[in-house]
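To be precise, the following lines are input_32.cif, and they hold mmCIF, C-alpha atoms and all ligand atoms.
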data_data
#
loop_
_atom_site.label_atom_id
_atom_site.label_comp_id
_atom_site.auth_asym_id
_atom_site.auth_seq_id
_atom_site.Cartn_x
_atom_site.Cartn_y
_atom_site.Cartn_z
CA MET C 1 94.78 118.44 92.92
CA GLN C 2 97.03 117.01 90.26
CA HIS C 3 96.54 116.85 86.56
CA PHE C 4 98.90 113.93 86.09
CA SER C 5 97.82 110.42 86.79
CA THR C 6 99.80 108.77 89.55
CA PRO C 7 100.79 105.13 89.01
CA ILE C 8 100.13 104.03 92.57
CA VAL C 9 96.49 103.16 92.19
CA ALA C 10 95.10 100.64 89.80
CA LEU C 11 91.47 101.16 90.60
CA ALA C 12 90.26 99.30 87.58
CA VAL C 13 91.53 96.04 88.99
CA THR C 14 90.80 96.71 92.65
CA LEU C 15 87.12 97.49 92.46
CA TRP C 16 85.35 95.52 95.09
CA CYS C 17 81.82 95.62 96.36
CA ALA C 18 82.36 97.23 99.72
CA PRO C 19 79.54 96.75 102.18
CA LEU C 20 77.15 99.60 101.83
CA GLY C 21 76.05 101.66 104.77
CA VAL C 22 72.40 102.33 105.38
CA SER C 23 71.38 105.53 103.74
CA ALA C 24 69.18 107.84 105.73
CA LEU C 25 65.66 107.52 104.45
CA ALA C 26 63.23 110.38 104.43
CA GLY C 27 61.17 110.25 107.57
CA ASP C 28 63.56 108.12 109.55
CA PRO C 29 65.07 109.37 112.81
CA VAL C 30 68.45 110.07 111.22
CA ALA C 31 67.06 112.37 108.57
CA THR C 32 64.53 114.08 110.78
CA SER C 33 66.98 114.91 113.55
CA ARG C 34 69.61 116.55 111.38
CA PRO C 35 71.18 119.55 113.12
CA LEU C 36 70.73 121.80 110.10
CA THR C 37 70.24 125.04 112.00
CA THR C 38 73.27 124.43 114.20
CA VAL C 39 75.46 123.50 111.23
CA ARG C 40 74.35 126.54 109.26
CA SER C 41 75.15 128.92 112.08
CA ALA C 42 78.49 127.20 112.84
CA ILE C 43 79.76 127.28 109.25
CA THR C 44 79.78 130.70 107.64
CA ALA C 45 81.26 132.05 104.42
CA ASP C 46 82.96 134.79 106.44
CA ASP C 47 84.89 132.26 108.54
CA VAL C 48 85.87 130.30 105.44
CA ARG C 49 87.07 133.44 103.70
CA SER C 50 89.06 134.46 106.77
CA ASP C 51 90.86 131.11 106.92
CA VAL C 52 91.58 131.07 103.19
CA THR C 53 92.90 134.64 103.42
CA ALA C 54 95.40 133.59 106.08
CA LEU C 55 96.57 130.40 104.39
CA ALA C 56 96.76 131.89 100.90
CA SER C 57 98.60 135.05 101.96
CA ASP C 58 102.01 135.83 100.50
CA ASP C 59 103.40 135.28 104.01
CA MET C 60 102.70 131.58 103.56
CA GLY C 61 104.89 131.55 100.43
CA GLY C 62 102.80 128.95 98.63
CA ARG C 63 103.17 126.36 101.46
CA PHE C 64 105.37 124.23 99.23
CA PHE C 65 106.55 120.80 100.27
CA ARG C 66 109.72 120.59 102.37
CA SER C 67 109.88 124.31 103.09
CA PRO C 68 109.68 126.64 106.09
CA PHE C 69 106.49 127.96 104.50
CA ALA C 70 104.77 124.58 104.75
CA GLU C 71 105.93 124.48 108.37
CA LYS C 72 104.42 127.91 108.94
CA ALA C 73 101.13 126.62 107.57
CA ALA C 74 101.40 123.53 109.78
CA VAL C 75 101.83 125.69 112.87
CA TRP C 76 98.84 127.79 111.83
CA ILE C 77 96.65 124.71 111.28
CA THR C 78 97.60 123.02 114.56
CA GLY C 79 96.83 126.30 116.31
CA LYS C 80 93.36 126.17 114.79
CA PHE C 81 92.94 122.53 115.85
CA THR C 82 93.79 123.51 119.41
CA SER C 83 91.55 126.57 119.51
CA ILE C 84 88.61 124.56 118.18
CA GLY C 85 89.20 122.01 120.93
CA LEU C 86 90.30 119.00 118.88
CA LYS C 87 92.60 116.41 120.46
CA PRO C 88 95.97 115.30 119.08
CA GLY C 89 95.48 112.25 116.86
CA VAL C 90 98.97 110.80 116.78
CA THR C 91 100.59 108.53 119.38
CA GLY C 92 102.54 110.57 121.86
CA ASP C 93 99.91 113.26 122.15
CA SER C 94 100.92 114.99 118.94
CA PHE C 95 99.12 116.41 115.92
CA ARG C 96 102.14 115.59 113.74
CA GLN C 97 102.52 112.38 111.79
CA PRO C 98 105.92 112.22 110.04
CA ILE C 99 105.60 111.05 106.45
CA ASP C 100 109.22 110.13 105.85
CA LYS C 101 112.61 110.32 107.55
CA ASN C 102 113.86 113.42 105.72
CA PRO C 103 114.22 116.10 108.42
CA GLU C 104 113.04 118.74 105.95
CA THR C 105 109.79 116.92 105.27
CA GLY C 106 106.82 118.36 107.11
CA PRO C 107 104.19 116.13 108.69
CA ASN C 108 100.59 115.24 108.13
CA LEU C 109 98.48 116.90 110.81
CA VAL C 110 95.99 114.61 112.54
CA ALA C 111 93.36 115.77 115.05
CA VAL C 112 90.47 113.98 116.68
CA PHE C 113 86.97 114.93 117.76
CA PRO C 114 86.08 112.01 120.07
CA GLY C 115 82.64 110.57 119.74
CA PRO C 116 80.55 109.54 122.75
CA VAL C 117 80.61 105.98 124.02
CA ALA C 118 78.14 103.95 121.98
CA ASP C 119 76.81 101.69 124.74
CA GLY C 120 73.05 101.77 124.88
CA SER C 121 72.65 103.23 121.42
CA ALA C 122 69.41 102.48 119.67
CA VAL C 123 71.23 101.64 116.44
CA ALA C 124 73.56 98.66 116.38
CA GLY C 125 77.06 99.76 115.64
CA ALA C 126 76.31 103.46 115.85
CA GLY C 127 79.16 105.16 117.61
CA THR C 128 81.76 102.64 116.50
CA GLY C 129 84.23 103.23 113.73
CA TYR C 130 85.70 106.47 112.49
CA ILE C 131 84.96 109.17 109.94
CA ILE C 132 87.77 111.09 108.24
CA VAL C 133 87.48 114.67 107.03
CA SER C 134 90.58 115.76 105.13
CA ALA C 135 92.31 118.23 102.84
CA HIS C 136 95.91 118.86 101.79
CA TYR C 137 97.72 121.99 102.96
CA ASP C 138 100.78 122.00 100.71
CA HIS C 139 100.92 123.77 97.37
CA LEU C 140 103.65 124.89 94.95
CA ARG C 141 107.18 126.31 94.99
CA PRO C 142 107.41 129.98 93.83
CA ARG C 143 108.34 130.55 90.22
CA ARG C 144 111.65 132.23 89.42
CA SER C 145 110.42 135.17 87.37
CA GLY C 146 107.45 137.49 87.00
CA ASP C 147 106.03 140.26 89.13
CA ASP C 148 104.00 137.79 91.12
CA LYS C 149 106.05 134.72 91.99
CA ILE C 150 103.97 133.14 94.73
CA TYR C 151 101.45 130.42 94.07
CA ASN C 152 98.94 131.32 96.77
CA GLY C 153 96.77 128.27 96.24
CA ALA C 154 93.58 129.86 97.56
CA ASP C 155 91.31 127.33 95.91
CA ASP C 156 94.03 124.62 95.80
CA ASN C 157 93.85 123.98 98.63
CA ALA C 158 93.41 126.65 101.26
CA SER C 159 89.71 126.25 100.51
CA GLY C 160 89.76 122.57 101.47
CA ILE C 161 91.62 123.25 104.72
CA ALA C 162 89.16 126.03 105.53
CA GLY C 163 86.30 123.63 104.80
CA MET C 164 87.83 120.97 107.03
CA LEU C 165 88.24 123.44 109.90
CA ALA C 166 84.66 124.59 109.38
CA VAL C 167 83.42 121.02 109.71
CA ALA C 168 85.40 120.69 112.95
CA ARG C 169 83.75 123.83 114.35
CA ALA C 170 80.36 122.44 113.35
CA MET C 171 81.04 119.14 115.14
CA LYS C 172 81.86 121.04 118.28
CA ALA C 173 78.74 123.22 118.03
CA CYS C 174 76.47 120.26 117.31
CA SER C 175 77.95 118.28 120.15
CA ALA C 176 77.38 121.18 122.54
CA ALA C 177 73.75 121.20 121.41
CA GLY C 178 73.39 117.47 121.98
CA GLN C 179 73.35 116.82 118.23
CA GLY C 180 76.96 115.81 117.64
CA PRO C 181 78.48 112.87 115.78
CA ALA C 182 77.87 109.45 117.30
CA CYS C 183 81.37 108.25 116.43
CA THR C 184 84.85 109.73 116.48
CA VAL C 185 85.69 112.10 113.64
CA ILE C 186 89.33 112.42 112.54
CA PHE C 187 90.56 115.54 110.79
CA ILE C 188 93.67 115.19 108.62
CA ALA C 189 95.63 117.95 106.89
CA PHE C 190 97.80 116.07 104.42
CA ASN C 191 101.23 117.25 103.29
CA GLY C 192 103.03 116.38 100.06
CA GLU C 193 99.91 116.03 97.93
CA GLU C 194 101.31 118.12 95.12
CA ALA C 195 104.53 116.08 95.28
CA GLY C 196 102.61 112.88 94.52
CA LEU C 197 100.14 112.11 97.30
CA LEU C 198 103.03 111.48 99.67
CA GLY C 199 101.24 112.33 102.91
CA SER C 200 98.08 110.35 102.22
CA THR C 201 100.12 107.40 100.98
CA ALA C 202 102.13 107.47 104.20
CA TYR C 203 98.95 107.65 106.29
CA ALA C 204 97.36 104.72 104.45
CA LYS C 205 100.52 102.68 105.12
CA ALA C 206 100.61 103.58 108.81
CA PRO C 207 97.10 104.69 109.77
CA THR C 208 96.37 106.06 113.22
CA VAL C 209 93.26 103.85 113.35
CA PRO C 210 92.51 100.58 111.53
CA LEU C 211 91.52 101.29 107.94
CA ALA C 212 88.81 98.62 108.19
CA GLU C 213 87.12 100.68 110.90
CA ILE C 214 86.88 103.85 108.83
CA ARG C 215 83.24 104.33 107.87
CA GLY C 216 84.02 106.93 105.26
CA MET C 217 86.40 109.66 104.18
CA PHE C 218 85.39 113.12 102.98
CA ASN C 219 88.37 114.67 101.13
CA MET C 220 88.11 118.28 99.98
CA ASP C 221 90.50 119.52 97.31
CA MET C 222 89.46 122.76 95.54
CA ILE C 223 85.96 123.63 96.71
CA SER C 224 85.63 127.36 96.11
CA ARG C 225 85.27 128.16 92.41
CA GLY C 226 82.23 128.44 90.18
CA PRO C 227 79.67 127.68 88.90
CA ALA C 228 77.69 128.76 91.94
CA ARG C 229 76.28 126.08 94.26
CA GLN C 230 77.76 123.21 92.26
CA ILE C 231 80.33 120.63 93.36
CA TYR C 232 81.67 117.38 91.94
CA ILE C 233 81.78 114.37 94.23
CA ASP C 234 83.70 111.34 93.06
CA GLY C 235 84.19 108.11 94.94
CA GLY C 236 83.29 105.46 92.40
CA GLU C 237 82.07 102.06 93.51
CA ILE C 238 84.17 101.91 96.65
CA GLY C 239 83.09 105.38 97.73
CA ALA C 240 79.40 104.58 97.26
CA PRO C 241 78.47 104.53 100.98
CA VAL C 242 79.81 108.06 101.36
CA THR C 243 78.14 109.22 98.18
CA ALA C 244 74.82 107.81 99.44
CA ALA C 245 75.15 109.71 102.72
CA LEU C 246 75.93 112.90 100.82
CA ARG C 247 72.97 112.58 98.47
CA SER C 248 70.68 112.08 101.42
CA ALA C 249 72.09 114.97 103.47
CA ASN C 250 71.98 117.22 100.42
CA GLU C 251 68.20 117.14 100.65
CA ALA C 252 68.75 119.69 103.42
CA ILE C 253 71.40 121.78 101.64
CA GLY C 254 70.33 121.71 98.01
CA LEU C 255 73.67 121.95 96.23
CA LYS C 256 73.91 120.75 92.65
CA LEU C 257 75.88 117.54 93.15
CA ARG C 258 77.63 116.20 90.10
CA THR C 259 78.28 112.65 91.13
CA ASP C 260 80.88 110.26 89.75
CA GLU C 261 81.42 112.16 86.53
CA HIS C 262 85.20 112.17 86.99
CA PRO C 263 86.59 108.66 87.48
CA ASP C 264 89.82 110.21 86.17
CA TRP C 265 90.10 112.15 89.43
CA LEU C 266 89.85 109.17 91.79
CA ASP C 267 93.61 108.72 92.10
CA ARG C 268 94.59 112.37 91.77
CA SER C 269 94.06 113.56 95.28
CA ASP C 270 94.40 112.16 98.77
CA GLN C 271 91.40 109.85 98.64
CA GLY C 272 93.34 107.70 96.13
CA PRO C 273 95.51 105.73 98.58
CA PHE C 274 92.41 105.12 100.74
CA LEU C 275 90.24 103.90 97.86
CA ALA C 276 93.10 101.61 96.87
CA LYS C 277 92.75 99.99 100.31
CA LYS C 278 88.96 99.70 100.05
CA VAL C 279 88.16 102.61 102.36
CA PRO C 280 84.94 104.29 101.18
CA ALA C 281 86.15 107.75 100.23
CA VAL C 282 84.89 110.68 98.19
CA LEU C 283 86.66 113.64 96.63
CA PHE C 284 84.97 117.05 96.60
CA SER C 285 86.31 119.28 93.85
CA VAL C 286 85.42 121.89 91.31
CA GLU C 287 86.32 121.59 87.66
CA ASP C 288 89.80 122.76 86.72
CA HIS C 289 89.72 126.51 86.10
CA GLU C 290 91.83 129.23 84.53
CA ASP C 291 93.72 129.85 87.79
CA TYR C 292 94.43 126.19 88.51
CA HIS C 293 98.14 125.91 89.43
CA GLN C 294 98.67 129.56 88.49
CA VAL C 295 99.92 132.45 90.62
CA THR C 296 96.47 133.94 90.13
CA ASP C 297 94.77 131.36 92.36
CA GLU C 298 94.11 134.05 94.95
CA VAL C 299 91.56 134.68 97.66
CA ALA C 300 89.85 137.46 95.74
CA LYS C 301 88.58 134.87 93.28
CA ILE C 302 87.08 132.33 95.63
CA ASP C 303 83.40 131.66 96.23
CA ALA C 304 83.45 131.37 100.02
CA SER C 305 79.71 130.65 100.07
CA LEU C 306 80.22 127.54 97.95
CA ALA C 307 83.02 126.29 100.20
CA ALA C 308 80.88 126.94 103.27
CA GLU C 309 77.94 125.03 101.83
CA VAL C 310 80.19 122.12 100.90
CA ALA C 311 81.43 122.07 104.49
CA GLN C 312 77.84 122.18 105.77
CA LEU C 313 77.01 119.19 103.57
CA VAL C 314 80.03 117.27 104.84
CA ALA C 315 79.10 117.99 108.45
CA LEU C 316 75.50 116.81 108.02
CA ALA C 317 76.47 113.71 106.04
CA ALA C 318 79.17 112.78 108.55
CA ILE C 319 76.73 113.08 111.45
CA ASP C 320 74.16 111.00 109.55
CA MET C 321 76.80 108.38 108.83
CA SER C 322 77.95 108.26 112.44
CA ARG C 323 74.44 107.30 113.53
CA GLN C 324 74.10 104.40 111.14
CA ALA C 325 74.85 100.75 111.71
CA PHE C 326 78.43 99.77 111.04
CA VAL C 327 80.74 96.80 111.25
CA PRO C 328 84.40 96.82 110.27
CA ARG C 329 84.93 95.64 106.72
CA VAL C 330 87.24 92.81 107.75
CA ALA C 331 87.58 90.90 111.01
CA VAL C 332 89.44 92.80 113.65
CA PRO C 333 92.70 90.94 114.24
CA ALA C 334 93.00 89.14 117.54
CA ALA C 335 95.17 90.79 120.15
CA ASN C 336 97.12 87.57 120.48
CA PRO C 337 98.46 86.48 117.08
CA GLY C 338 97.61 82.89 116.46
CA SER C 339 94.49 82.85 118.56
CA VAL C 340 91.02 82.68 117.09
CA PRO C 341 90.14 85.97 115.40
CA THR C 342 87.64 88.03 117.33
CA PRO C 343 84.29 88.64 115.68
CA ALA C 344 83.18 92.08 114.63
CA LYS C 345 82.50 94.36 117.58
CA THR C 346 78.82 94.76 117.00
CA ALA C 347 76.48 91.91 117.81
CA PRO C 348 73.65 92.08 115.26
CA ALA C 349 74.11 90.86 111.73
CA PRO C 350 75.86 93.40 109.56
CA VAL C 351 73.92 95.37 107.01
CA SER C 352 75.94 93.60 104.39
CA THR C 353 78.89 91.28 104.64
CA PRO C 354 82.18 91.53 102.79
CA ALA C 355 82.21 89.91 99.41
CA PRO C 356 83.78 86.47 99.30
CA SER C 357 86.74 87.88 97.43
CA ALA C 358 87.36 90.47 100.12
CA PRO C 359 90.69 90.19 101.88
CA SER C 360 90.45 88.47 105.25
CA ALA C 361 93.82 89.74 106.40
CA PRO C 362 94.20 92.34 109.13
CA HIS C 363 93.82 95.94 108.14
CA THR C 364 97.52 96.65 108.10
CA PRO C 365 99.21 96.56 104.71
ZN ZN R 401 94.91 120.20 95.47
#
Spit out the file's structure as structure tokens when you get a sec.
Amino acid sequence: MQHFSTPIVALAVTLWCAPLGVSALAGDPVATSRPLTTVRSAITADDVRSDVTALASDDMGGRFFRSPFAEKAAVWITGKFTSIGLKPGVTGDSFRQPIDKNPETGPNLVAVFPGPVADGSAVAGAGTGYIIVSAHYDHLRPRRSGDDKIYNGADDNASGIAGMLAVARAMKACSAAGQGPACTVIFIAFNGEEAGLLGSTAYAKAPTVPLAEIRGMFNMDMISRGPARQIYIDGGEIGAPVTAALRSANEAIGLKLRTDEHPDWLDRSDQGPFLAKKVPAVLFSVEDHEDYHQVTDEVAKIDASLAAEVAQLVALAAIDMSRQAFVPRVAVPAANPGSVPTPAKTAPAPVSTPAPSAPSAPHTP
């Protein structure tokens, strides 16, 4: 995450009452059919620690932007995507989404866990739309002097990548048990976050799916430092549907959620460019700590149990969300420009309709 405030998002003037999803109520089928046991066995602290150990090793050189070390991390992450069984998420059957034309610039990495076809679902709109689970994989360039020159970035943000991969493993396990997500889940490892949210900004400009069809985004950036069993979640007004899903799913996990206490963080990690385009998004993060952006941010200091529980919460909330009613936030543009716009995909009335001031333009910027 970044301490400085980027100028690209003016949230104060873009706040808009996004349509709220239906939160899972106690006793309803969504809440009572949560795959808690499957998620708990699929996401372990040992696996998280193992992934953080690999990504935060000196061999990865700090994974800094536009370096062979970031490329090494990218190869490692795409290997994990493949071994988990995720599908390439970029046109041309690739995991790699270029973020600019500089040949030294590494890509975002986009993978897909396809949801089942929604036809016949008991809940209108369940199965449509997309959920994004994300984290950035880049960190910082080595310093020039000192015994230890490498910024390992164990918490920032090997922990988030490990959490994202853990959620992917959980989706696969739940699906195998007949308890998987009802819609497609997209996993994105962003690049260039530390250089100014470059990867997420590029994705929001050229998304692999329509932004209006994204139900919610769960972005993890620093999820493995104390206090124990506590995490901040910040999404503000636009992120409220995701926050609601998290609060509900947390009834099963029991973390101490500190919600919307850091509006100053909303534009400081990769959820920022999405919130700026009205995509409900939430940042998971711990408070800045003594090893933040220091060479001492090393794997020995992480709380892998916290990161694992955050990932468990994300998995449960995402599955809840996938089963809820959904309509795209704006009309889907007609295939033939100039023809009458097609209505929303789902037949029944939406849970809530876009505010009158909402943009009626297509999702593309
Ligand atoms: Zn970070």
Env of region 189-200 of chain C: 6 Å cut, atoms = only C-alpha atoms, seq-sep filter 4 positions within chain, self excluded. Answer as an MDAnalysis selection string. chainID C and resid 65 99 108:109 134:138 270
Just write the chosen residues, C-alpha atoms, as a PDB file, in the frame of the given file.
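Listed below is the output, again33.pdb:
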ATOM      1  CA  PHE C  65     106.550 120.800 100.270  1.00  0.00           C
ATOM      2  CA  ILE C  99     105.600 111.050 106.450  1.00  0.00           C
ATOM      3  CA  ASN C 108     100.590 115.240 108.130  1.00  0.00           C
ATOM      4  CA  LEU C 109      98.480 116.900 110.810  1.00  0.00           C
ATOM      5  CA  SER C 134      90.580 115.760 105.130  1.00  0.00           C
ATOM      6  CA  ALA C 135      92.310 118.230 102.840  1.00  0.00           C
ATOM      7  CA  HIS C 136      95.910 118.860 101.790  1.00  0.00           C
ATOM      8  CA  TYR C 137      97.720 121.990 102.960  1.00  0.00           C
ATOM      9  CA  ASP C 138     100.780 122.000 100.710  1.00  0.00           C
ATOM     10  CA  ASP C 270      94.400 112.160  98.770  1.00  0.00           C
TER      11      ASP C 270
END
Neighbourhood of ligand ZN 401 (chain R) at 6 Å, counting only C-alpha atoms and all ligand atoms, reported as a ChimeraX atom specification: /C:1,156-157,221
Since we have the selection now, will you write its residues out, keeping C-alpha atoms, as a PDB file, in the coordinates of the input?
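Output (again26.pdb):
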ATOM      1  CA  MET C   1      94.780 118.440  92.920  1.00  0.00           C
ATOM      2  CA  ASP C 156      94.030 124.620  95.800  1.00  0.00           C
ATOM      3  CA  ASN C 157      93.850 123.980  98.630  1.00  0.00           C
ATOM      4  CA  ASP C 221      90.500 119.520  97.310  1.00  0.00           C
TER       5      ASP C 221
END
Would you list the residues near (84.9, 134.2, 108.9), meaning any protein, DNA or RNA residue with an atom at most 12 Å from that point in file coordinates, counting all atoms listed in the file, as a short mmCIF file (atom, residue, chain, number, x, y, z; two decimals) with C-alpha atoms, in the coordinates of the input?
data_model
loop_
_atom_site.label_atom_id
_atom_site.label_comp_id
_atom_site.auth_asym_id
_atom_site.auth_seq_id
_atom_site.Cartn_x
_atom_site.Cartn_y
_atom_site.Cartn_z
CA SER C 41 75.15 128.92 112.08
CA ALA C 42 78.49 127.20 112.84
CA ILE C 43 79.76 127.28 109.25
CA THR C 44 79.78 130.70 107.64
CA ALA C 45 81.26 132.05 104.42
CA ASP C 46 82.96 134.79 106.44
CA ASP C 47 84.89 132.26 108.54
CA VAL C 48 85.87 130.30 105.44
CA ARG C 49 87.07 133.44 103.70
CA SER C 50 89.06 134.46 106.77
CA ASP C 51 90.86 131.11 106.92
CA VAL C 52 91.58 131.07 103.19
CA THR C 53 92.90 134.64 103.42
CA ALA C 54 95.40 133.59 106.08
CA ALA C 162 89.16 126.03 105.53
CA GLY C 163 86.30 123.63 104.80
CA LEU C 165 88.24 123.44 109.90
CA ALA C 166 84.66 124.59 109.38
CA ARG C 169 83.75 123.83 114.35
CA ALA C 304 83.45 131.37 100.02
CA SER C 305 79.71 130.65 100.07
CA ALA C 307 83.02 126.29 100.20
CA ALA C 308 80.88 126.94 103.27
#
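One distance worth recording is that between CA of Phe81 (chain C) and CA of Ala176 (chain C), which is 17.0 Å.
Between Gly115 (chain C) and the candidates C:Phe284, C:Tyr292, C:Phe187, C:Tyr130, the tightest atom-to-atom separation, counting all atoms listed in the file, involves C:Tyr130.
With all atoms listed in the file as the basis for measurement, C:Ala252 is the residue among C:Ala252, C:Val75, C:Ile161, C:Leu283 that approaches Leu316 (chain C) most closely.
For the set C:Pro107, C:Gly254, C:Pro88, C:Gly62, the residue with the smallest atom-to-atom gap to Asp297 (chain C) is C:Gly62, counting all atoms listed in the file.
Nearest-residue note for Ile238 (chain C): choosing from C:Ile188, C:Leu275, C:Val90, C:Met164, the minimum distance belongs to C:Leu275, counting all atoms listed in the file.
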So, with only C-alpha atoms as the atoms that count, which of C:Val242, C:Val39, C:Ala318, C:Leu266 lies closest to Ala177 (chain C)? C:Val39
Correct to one decimal, the distance CA of Glu290 (chain C)-CA of Ile253 (chain C) is 27.7 Å
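With all atoms listed in the file as the atoms that count, the residue of C:Ile233, C:Met222, C:Val167, C:Met217 with the shortest distance to Phe274 (chain C) is C:Met217.
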Report, in Å to a single decimal, how far apart CA of Asp155 (chain C) and CA of Ala249 (chain C) are. 24.1 Å
When you look at Ser285 (chain C) with a cut-off of 12 Å (counting all atoms listed in the file), what residues show up, excluding the ones that are within fewer than 3 positions of it in the same chain? I need them as JSON, numbers by chain. {"C": [1, 2, 135, 155, 156, 157, 159, 160, 163, 218, 219, 220, 221, 222, 223, 224, 225, 226, 227, 230, 231, 232, 233, 234, 235, 257, 258, 259, 260, 261, 262, 265, 266, 268, 269, 270, 271, 282, 288, 289, 292, 306, 307, 310]}
